[in-house]
$ cat upload07.txt   # compact mmCIF, C-alpha atoms and all ligand atoms
# COMPACT_ATOMS: atom_id res chain seq x y z
CA MET A 1 0.00 0.00 0.00
CA ASN A 2 1.16 3.49 -0.72
CA LEU A 3 -1.32 6.30 -1.37
CA ARG A 4 -4.22 4.26 0.02
CA ARG A 5 -2.78 4.52 3.55
CA LEU A 6 -4.14 8.06 3.76
CA ARG A 7 -7.55 7.02 2.40
CA LEU A 8 -8.48 4.28 4.84
CA LYS A 9 -9.98 6.41 7.63
CA ALA A 10 -12.42 9.31 7.26
CA GLY A 11 -10.53 11.40 9.81
CA ILE A 12 -7.27 11.09 7.90
CA ARG A 13 -8.97 11.76 4.57
CA LYS A 14 -10.25 14.99 6.08
CA LEU A 15 -6.79 15.95 7.28
CA VAL A 16 -5.23 15.59 3.85
CA ARG A 17 -8.12 17.04 1.87
CA GLU A 18 -6.75 19.69 -0.48
CA ASN A 19 -9.85 21.72 -1.28
CA TRP A 20 -12.92 22.74 0.66
CA VAL A 21 -15.99 24.65 -0.39
CA ARG A 22 -16.97 27.14 2.28
CA LYS A 23 -20.17 29.10 2.75
CA GLU A 24 -17.96 32.16 2.63
CA ASP A 25 -17.07 31.35 -1.00
CA LEU A 26 -20.65 31.50 -2.20
CA ILE A 27 -22.47 34.35 -3.93
CA ALA A 28 -26.21 33.94 -4.51
CA PRO A 29 -27.76 35.51 -7.64
CA LEU A 30 -31.12 37.21 -7.02
CA PHE A 31 -33.71 38.24 -9.59
CA ILE A 32 -35.80 41.28 -8.66
CA LYS A 33 -38.89 41.85 -10.74
CA GLU A 34 -40.56 45.21 -10.67
CA GLY A 35 -44.26 45.11 -9.83
CA LEU A 36 -44.24 41.47 -8.76
CA GLU A 37 -46.02 40.59 -5.53
CA GLY A 38 -44.31 37.80 -3.66
CA ARG A 39 -42.26 35.37 -5.73
CA LYS A 40 -42.63 33.41 -8.96
CA GLU A 41 -40.69 30.23 -9.70
CA ILE A 42 -38.68 30.16 -12.93
CA GLY A 43 -39.87 27.21 -15.02
CA SER A 44 -36.46 26.17 -16.28
CA MET A 45 -34.79 26.69 -12.88
CA PRO A 46 -36.80 24.82 -10.23
CA GLY A 47 -36.21 26.30 -6.78
CA ILE A 48 -35.13 29.70 -8.16
CA PHE A 49 -37.55 32.62 -8.13
CA GLN A 50 -38.15 36.03 -9.54
CA MET A 51 -38.91 38.13 -6.49
CA GLY A 52 -40.78 41.31 -5.76
CA GLU A 53 -39.00 44.15 -4.01
CA ASP A 54 -40.24 43.18 -0.51
CA GLU A 55 -39.48 39.55 -1.05
CA ILE A 56 -35.82 40.31 -1.73
CA LEU A 57 -35.31 41.46 1.85
CA LYS A 58 -36.71 38.17 3.17
CA GLU A 59 -34.43 36.23 0.84
CA VAL A 60 -31.32 38.13 1.93
CA GLU A 61 -32.27 37.49 5.55
CA THR A 62 -32.64 33.75 4.87
CA LEU A 63 -29.28 33.62 3.11
CA LEU A 64 -27.55 35.48 5.93
CA LYS A 65 -29.00 33.07 8.49
CA MET A 66 -27.54 30.23 6.44
CA GLY A 67 -24.12 31.87 6.36
CA VAL A 68 -24.23 33.08 2.76
CA GLY A 69 -23.12 36.68 3.00
CA ALA A 70 -22.94 37.84 -0.63
CA VAL A 71 -25.57 38.37 -3.31
CA ILE A 72 -25.47 39.56 -6.89
CA LEU A 73 -28.52 41.43 -8.12
CA PHE A 74 -30.29 41.24 -11.46
CA GLY A 75 -33.22 43.54 -12.18
CA ILE A 76 -36.22 42.95 -14.39
CA PRO A 77 -37.80 46.38 -14.83
CA GLN A 78 -41.19 47.08 -16.36
CA LEU A 79 -39.69 49.69 -18.63
CA LYS A 80 -37.50 48.29 -21.39
CA ASP A 81 -36.32 50.53 -24.23
CA SER A 82 -33.53 50.80 -26.78
CA VAL A 83 -30.98 52.32 -24.38
CA GLY A 84 -31.99 50.62 -21.11
CA SER A 85 -33.25 53.81 -19.42
CA ASP A 86 -34.24 52.14 -16.15
CA ALA A 87 -30.60 51.26 -15.55
CA LEU A 88 -29.73 54.95 -15.93
CA ASN A 89 -32.35 56.17 -13.50
CA GLU A 90 -31.08 56.85 -10.01
CA ASP A 91 -34.43 55.70 -8.70
CA GLY A 92 -34.55 52.68 -11.01
CA LEU A 93 -35.20 49.13 -9.85
CA ILE A 94 -31.65 48.11 -8.95
CA ALA A 95 -30.78 51.41 -7.30
CA ARG A 96 -33.91 51.16 -5.13
CA SER A 97 -33.21 47.54 -4.26
CA VAL A 98 -29.59 48.17 -3.28
CA ARG A 99 -30.68 51.05 -1.05
CA GLN A 100 -33.33 48.89 0.62
CA ILE A 101 -30.99 45.97 1.25
CA LYS A 102 -28.17 48.15 2.58
CA LYS A 103 -30.55 50.11 4.77
CA ARG A 104 -31.80 46.92 6.39
CA PHE A 105 -28.64 44.81 6.56
CA GLY A 106 -25.76 47.28 6.28
CA ASP A 107 -22.35 45.65 6.00
CA GLU A 108 -23.70 42.27 7.08
CA VAL A 109 -24.27 41.53 3.40
CA VAL A 110 -22.05 42.17 0.40
CA VAL A 111 -24.20 43.52 -2.39
CA ILE A 112 -22.75 43.03 -5.85
CA THR A 113 -24.52 44.66 -8.76
CA ASP A 114 -24.45 43.12 -12.18
CA LEU A 115 -23.73 45.95 -14.56
CA CYS A 116 -25.16 45.37 -18.02
CA PHE A 117 -28.04 46.43 -20.23
CA CYS A 118 -29.57 43.20 -21.55
CA GLU A 119 -32.25 43.14 -18.84
CA TYR A 120 -33.12 46.77 -19.54
CA THR A 121 -33.18 46.97 -23.34
CA ASP A 122 -36.17 46.07 -25.49
CA HIS A 123 -33.85 44.29 -27.95
CA GLY A 124 -32.18 42.23 -25.20
CA HIS A 125 -28.60 43.11 -26.06
CA CYS A 126 -25.95 44.21 -23.60
CA GLY A 127 -25.71 47.83 -24.73
CA ILE A 128 -26.69 50.35 -27.37
CA LEU A 129 -27.00 48.82 -30.83
CA ASN A 130 -25.07 50.08 -33.80
CA PRO A 131 -27.13 49.17 -36.88
CA ARG A 132 -24.12 49.58 -39.20
CA LEU A 133 -22.11 46.98 -37.26
CA LYS A 134 -25.17 44.88 -36.53
CA SER A 135 -23.76 44.63 -33.03
CA VAL A 136 -23.45 46.53 -29.79
CA ASP A 137 -21.64 49.86 -30.09
CA ASN A 138 -18.62 49.67 -27.82
CA SER A 139 -17.94 53.33 -27.03
CA ALA A 140 -21.60 54.34 -26.71
CA THR A 141 -22.09 51.45 -24.29
CA LEU A 142 -19.01 52.39 -22.25
CA LYS A 143 -20.51 55.85 -21.74
CA ILE A 144 -23.84 54.63 -20.41
CA SER A 145 -22.07 51.95 -18.37
CA GLN A 146 -20.17 54.66 -16.52
CA LYS A 147 -23.45 56.30 -15.68
CA GLN A 148 -24.94 52.99 -14.52
CA ALA A 149 -21.91 52.31 -12.30
CA ILE A 150 -22.20 55.68 -10.57
CA ILE A 151 -25.88 55.01 -9.90
CA HIS A 152 -25.02 51.63 -8.35
CA ALA A 153 -22.23 53.19 -6.32
CA GLN A 154 -24.41 56.01 -5.04
CA ALA A 155 -27.09 53.52 -4.07
CA GLY A 156 -24.55 51.73 -1.87
CA ALA A 157 -23.35 48.73 -3.89
CA ASP A 158 -20.29 47.03 -2.39
CA ILE A 159 -18.87 45.64 -5.64
CA ILE A 160 -19.62 46.57 -9.26
CA ALA A 161 -19.65 43.66 -11.69
CA PRO A 162 -19.64 44.56 -15.39
CA SER A 163 -20.88 41.60 -17.44
CA GLY A 164 -21.34 42.97 -20.96
CA MET A 165 -17.92 42.06 -22.40
CA MET A 166 -17.30 45.53 -23.85
CA ASP A 167 -13.66 46.24 -24.61
CA GLY A 168 -12.16 48.73 -22.17
CA ILE A 169 -15.06 48.53 -19.71
CA VAL A 170 -12.94 48.08 -16.58
CA LYS A 171 -10.71 51.06 -17.34
CA SER A 172 -13.68 53.18 -18.20
CA LEU A 173 -15.62 52.25 -15.03
CA ARG A 174 -12.54 52.71 -12.87
CA GLU A 175 -12.09 56.23 -14.23
CA ALA A 176 -15.73 57.12 -13.69
CA LEU A 177 -15.86 55.67 -10.17
CA ASP A 178 -12.62 57.39 -9.16
CA ALA A 179 -13.77 60.71 -10.57
CA HIS A 180 -16.93 60.53 -8.44
CA GLY A 181 -15.16 59.68 -5.19
CA PHE A 182 -15.71 55.92 -5.37
CA ASP A 183 -12.06 54.99 -5.69
CA TYR A 184 -12.54 52.52 -2.82
CA LEU A 185 -15.17 50.48 -4.66
CA PRO A 186 -13.96 47.16 -6.14
CA ILE A 187 -14.74 45.99 -9.66
CA MET A 188 -15.41 42.30 -10.22
CA SER A 189 -15.17 41.93 -13.96
CA TYR A 190 -16.91 39.17 -15.90
CA SER A 191 -13.51 39.16 -17.52
CA THR A 192 -13.74 35.89 -19.47
CA LYS A 193 -17.30 35.32 -20.59
CA PHE A 194 -18.13 32.86 -23.29
CA ALA A 195 -21.10 32.98 -25.70
CA SER A 196 -22.54 29.86 -24.11
CA ALA A 197 -25.70 27.84 -24.59
CA PHE A 198 -25.62 27.25 -20.82
CA TYR A 199 -27.20 30.69 -20.32
CA GLY A 200 -30.56 29.53 -21.70
CA PRO A 201 -32.57 29.35 -18.44
CA PHE A 202 -31.13 32.70 -17.21
CA ARG A 203 -32.84 34.44 -20.09
CA ASP A 204 -36.19 33.13 -18.83
CA ALA A 205 -35.25 34.28 -15.35
CA ALA A 206 -34.10 37.76 -16.36
CA GLU A 207 -36.45 38.05 -19.37
CA SER A 208 -33.45 39.12 -21.39
CA ALA A 209 -33.33 36.88 -24.47
CA PRO A 210 -32.38 38.90 -27.57
CA VAL A 211 -35.45 39.56 -29.72
CA THR A 212 -35.40 39.07 -33.46
CA GLY A 213 -35.73 41.98 -35.81
CA GLU A 214 -34.02 43.86 -38.55
CA ALA A 215 -30.51 45.06 -37.61
CA ILE A 216 -30.77 43.16 -34.32
CA PRO A 217 -28.16 40.44 -33.95
CA THR A 218 -29.69 37.07 -33.10
CA ASP A 219 -26.99 36.17 -30.58
CA ARG A 220 -24.22 37.73 -28.47
CA LYS A 221 -21.31 36.21 -30.33
CA SER A 222 -20.01 39.58 -31.52
CA TYR A 223 -19.08 40.53 -27.96
CA GLN A 224 -19.04 37.38 -25.84
CA MET A 225 -16.23 34.92 -26.52
CA ASP A 226 -16.08 31.92 -28.83
CA ILE A 227 -16.42 28.82 -26.64
CA ALA A 228 -13.54 27.18 -28.52
CA ASN A 229 -10.93 29.75 -27.47
CA GLY A 230 -8.81 29.01 -24.42
CA ARG A 231 -5.87 31.34 -25.07
CA GLU A 232 -8.18 34.24 -25.80
CA GLY A 233 -9.95 33.46 -22.54
CA ILE A 234 -6.72 33.99 -20.63
CA LEU A 235 -5.99 37.17 -22.55
CA GLU A 236 -9.41 38.67 -21.75
CA SER A 237 -8.85 38.25 -18.01
CA LEU A 238 -5.26 39.52 -18.11
CA ILE A 239 -6.36 42.64 -19.98
CA ASP A 240 -9.06 43.32 -17.40
CA GLU A 241 -6.53 42.83 -14.63
CA ALA A 242 -4.23 45.35 -16.31
CA GLU A 243 -7.17 47.78 -16.61
CA GLY A 244 -7.68 47.56 -12.86
CA ALA A 245 -10.15 44.75 -12.19
CA ASP A 246 -10.01 43.72 -8.53
CA ILE A 247 -11.61 40.31 -9.06
CA LEU A 248 -11.57 38.29 -12.28
CA MET A 249 -14.19 35.79 -13.43
CA VAL A 250 -14.79 32.89 -15.77
CA LYS A 251 -18.35 32.31 -16.96
CA PRO A 252 -19.71 29.64 -17.39
CA ALA A 253 -17.75 27.46 -14.97
CA LEU A 254 -18.14 23.75 -15.53
CA ALA A 255 -17.27 23.42 -19.21
CA PHE A 256 -14.39 25.93 -18.86
CA LEU A 257 -12.33 24.64 -15.94
CA ASP A 258 -9.22 24.48 -18.13
CA VAL A 259 -9.55 28.23 -18.60
CA VAL A 260 -10.04 28.75 -14.86
CA LYS A 261 -6.85 26.82 -14.16
CA SER A 262 -4.87 28.69 -16.81
CA ILE A 263 -5.95 32.07 -15.49
CA ARG A 264 -5.24 30.97 -11.92
CA GLU A 265 -1.66 30.19 -12.94
CA ARG A 266 -1.21 33.66 -14.39
CA THR A 267 -2.81 35.99 -11.85
CA LEU A 268 -2.55 36.68 -8.15
CA LYS A 269 -5.97 38.38 -8.07
CA PRO A 270 -9.03 36.66 -6.64
CA LEU A 271 -10.80 34.59 -9.26
CA ALA A 272 -14.54 33.95 -9.40
CA VAL A 273 -16.53 31.44 -11.42
CA TYR A 274 -20.16 31.76 -12.39
CA ASN A 275 -21.88 28.39 -12.10
CA VAL A 276 -24.59 29.39 -14.57
CA SER A 277 -28.28 28.67 -15.02
CA GLY A 278 -27.88 25.82 -17.50
CA GLU A 279 -25.42 24.06 -15.22
CA TYR A 280 -27.94 24.44 -12.40
CA ALA A 281 -30.87 23.26 -14.52
CA MET A 282 -29.06 20.09 -15.68
CA VAL A 283 -28.29 18.98 -12.14
CA LYS A 284 -31.64 20.03 -10.71
CA GLY A 285 -33.58 18.36 -13.53
CA ALA A 286 -31.72 15.08 -13.21
CA ALA A 287 -32.00 15.13 -9.40
CA GLU A 288 -35.76 15.72 -9.58
CA ARG A 289 -36.04 12.57 -11.65
CA GLY A 290 -34.00 10.66 -9.09
CA TRP A 291 -31.17 10.11 -11.56
CA LEU A 292 -28.45 11.42 -9.28
CA ASN A 293 -27.80 12.47 -5.70
CA TYR A 294 -28.31 16.23 -5.71
CA HIS A 295 -26.18 17.27 -2.74
CA GLN A 296 -23.28 14.98 -3.59
CA ILE A 297 -23.23 16.12 -7.20
CA VAL A 298 -23.38 19.80 -6.29
CA LEU A 299 -20.59 19.41 -3.76
CA GLU A 300 -18.47 17.59 -6.33
CA ILE A 301 -19.07 20.32 -8.91
CA LEU A 302 -18.37 23.18 -6.50
CA THR A 303 -15.22 21.42 -5.27
CA SER A 304 -14.04 21.07 -8.86
CA PHE A 305 -14.17 24.87 -9.14
CA LYS A 306 -11.96 25.23 -6.08
CA ARG A 307 -9.57 22.55 -7.36
CA ALA A 308 -9.26 24.41 -10.67
CA GLY A 309 -8.31 27.53 -8.74
CA ALA A 310 -11.48 29.56 -8.19
CA ASP A 311 -11.87 31.52 -4.97
CA LEU A 312 -15.46 32.78 -5.27
CA ILE A 313 -18.41 30.85 -6.64
CA ILE A 314 -21.56 32.49 -7.93
CA THR A 315 -24.13 29.73 -7.80
CA TYR A 316 -27.88 29.12 -7.79
CA HIS A 317 -27.19 26.14 -5.53
CA ALA A 318 -26.09 28.48 -2.68
CA LYS A 319 -29.24 28.11 -0.61
CA ASP A 320 -29.50 24.35 -1.10
CA ILE A 321 -25.88 23.60 -0.37
CA ALA A 322 -25.00 26.07 2.43
CA PRO A 323 -26.67 23.96 5.16
CA ILE A 324 -24.41 20.98 4.46
CA LEU A 325 -21.13 22.91 4.26
ZN ZN A 401 -25.83 41.54 -20.71

$ encode --input "upload07.txt" --output "structure tokens"
Amino acid sequence: MNLRRLRLKAGIRKLVRENWVRKEDLIAPLFIKEGLEGRKEIGSMPGIFQMGEDEILKEVETLLKMGVGAVILFGIPQLKDSVGSDALNEDGLIARSVRQIKKRFGDEVVVITDLCFCEYTDHGHCGILNPRLKSVDNSATLKISQKQAIIHAQAGADIIAPSGMMDGIVKSLREALDAHGFDYLPIMSYSTKFASAFYGPFRDAAESAPVTGEAIPTDRKSYQMDIANGREGILESLIDEAEGADILMVKPALAFLDVVKSIRERTLKPLAVYNVSGEYAMVKGAAERGWLNYHQIVLEILTSFKRAGADLIITYHAKDIAPIL
């Protein structure tokens, strides 16, 4: 016997265990829907809900009791238009929600705001469209993103998380935040974000699927990354780090662990993964049919993120898994 000597007893296995998932690693995504009373389950994500503005406070309280101290907010406003006006309104849905949560829970909870426009635009894309390019206009979107970031910061967000994959977004947000006295506010960039089919259920949840129409691109492949590109994935994160990102991210997580590991080897910054809606739906769907053991599978998946080098895990499983950690 050689390596098995350390596997024979549970106590020894625990001692030599290399990676642990902790409650402190988890970030729970929350969907706030304007005008909704109570909560509404998302069909393709059993156990995950769109929530009204009052309901969000209850949910944060539940998460805190379980030991999950960080949330990332997604808003589903009633007003959707071509430039995402609700995101630029200092009394818009997300700004109001951040203020409410911070007023009630203060620094007990870390409130991260997703910064993008796809939930706020009527065309469902992550910024202002440029009909000539048949894509999102980079510089026009940077400008409104700066405005959105200031609104989040003024509302009391603890971390700003740009997710639209615009070139130069981190630098541009850093400049805007610094100029408005928010130089202390960290940016968690969705630095390496692939154009993945695993986002399917999220678009039901956030009501943000791109619509079809003339001069409207049918997908997000002109700004999110090609799923086949590992080297480019590393480059994206390194560029964001150089622009001043405080936390880097790979999204989705499970099918891109090679990229997580490669980025881990090249940066000393904290690295997050986003365990996305499709990854959640696959596991949840199979578990509901009794095809696999839900808690064991989730723990194995979350541990694989840590093993690959992730520090933070954004996951819809947060509430289910926290009690057994
Ligand atoms: Zn977006």

$ closest_atom_pairs --input "upload07.txt" --of "chain A" --to "ligand ZN 401 (chain A)" --cutoff "6 Å" --atoms "all atoms listed in the file" --output "tab-separated table"
residue	atom	partner	partner_atom	distance
A:Cys116	CA	A:ZN401	ZN	4.7
A:Phe117	CA	A:ZN401	ZN	5.4
A:Cys118	CA	A:ZN401	ZN	4.2
A:Cys126	CA	A:ZN401	ZN	3.9
A:Ser163	CA	A:ZN401	ZN	5.9
A:Gly164	CA	A:ZN401	ZN	4.7

$ closest_atom_pairs --input "upload07.txt" --of "segment 199-263 of chain A" --to "segment 166-175 of chain A" --cutoff "12 Å" --atoms "all atoms listed in the file" --output "tab-separated table"
residue	atom	partner	partner_atom	distance
A:Arg220	CA	A:Met166	CA	11.4
A:Ser222	CA	A:Met166	CA	10.1
A:Tyr223	CA	A:Met166	CA	6.7
A:Gln224	CA	A:Met166	CA	8.6
A:Met225	CA	A:Met166	CA	11.0
A:Glu236	CA	A:Asp167	CA	9.1
A:Ser237	CA	A:Val170	CA	10.7
A:Leu238	CA	A:Val170	CA	11.6
A:Ile239	CA	A:Gly168	CA	8.7
A:Asp240	CA	A:Val170	CA	6.2
A:Glu241	CA	A:Val170	CA	8.5
A:Ala242	CA	A:Lys171	CA	8.7
A:Glu243	CA	A:Lys171	CA	4.9
A:Gly244	CA	A:Lys171	CA	6.4
A:Ala245	CA	A:Val170	CA	6.2
A:Asp246	CA	A:Val170	CA	9.6
A:Ile247	CA	A:Val170	CA	10.9
A:Leu248	CA	A:Val170	CA	10.8

$ write_last_selection --input "upload07.txt" --atoms "C-alpha atoms" --output "compact mmCIF listing (two decimals), in the frame of the given file"
# COMPACT_ATOMS: atom_id res chain seq x y z
CA ARG A 220 -24.22 37.73 -28.47
CA SER A 222 -20.01 39.58 -31.52
CA TYR A 223 -19.08 40.53 -27.96
CA GLN A 224 -19.04 37.38 -25.84
CA MET A 225 -16.23 34.92 -26.52
CA GLU A 236 -9.41 38.67 -21.75
CA SER A 237 -8.85 38.25 -18.01
CA LEU A 238 -5.26 39.52 -18.11
CA ILE A 239 -6.36 42.64 -19.98
CA ASP A 240 -9.06 43.32 -17.40
CA GLU A 241 -6.53 42.83 -14.63
CA ALA A 242 -4.23 45.35 -16.31
CA GLU A 243 -7.17 47.78 -16.61
CA GLY A 244 -7.68 47.56 -12.86
CA ALA A 245 -10.15 44.75 -12.19
CA ASP A 246 -10.01 43.72 -8.53
CA ILE A 247 -11.61 40.31 -9.06
CA LEU A 248 -11.57 38.29 -12.28

$ residues_around --input "upload07.txt" --residues "Ile101 of chain A" --least-positions-apart "5" --cutoff "9 Å" --atoms "only C-alpha atoms" --output "list in words"
Ile56, Leu57, Val60, Arg96, Gly106, Val109 and Val111 of chain A

$ closest_residue --input "upload07.txt" --among "A:Asn138, A:Thr212, A:Ser196, A:Thr267" --to "Ala255 of chain A" --atoms "all atoms listed in the file"
A:Ser196

$ atom_distance --input "upload07.txt" --atom1 "atom CA of Val273 of chain A" --atom2 "atom CA of Lys251 of chain A"
5.9 Å

$ residues_around --input "upload07.txt" --residues "Leu312 of chain A" --least-positions-apart "5" --cutoff "8 Å" --atoms "only C-alpha atoms" --output "list in words"
Asp25, Leu26, Ile27, Pro270, Leu271, Ala272 and Val273 of chain A

$ closest_residue --input "upload07.txt" --among "A:Gln50, A:Ser208, A:Asn229, A:Gln100" --to "Ala195 of chain A" --atoms "only C-alpha atoms"
A:Asn229
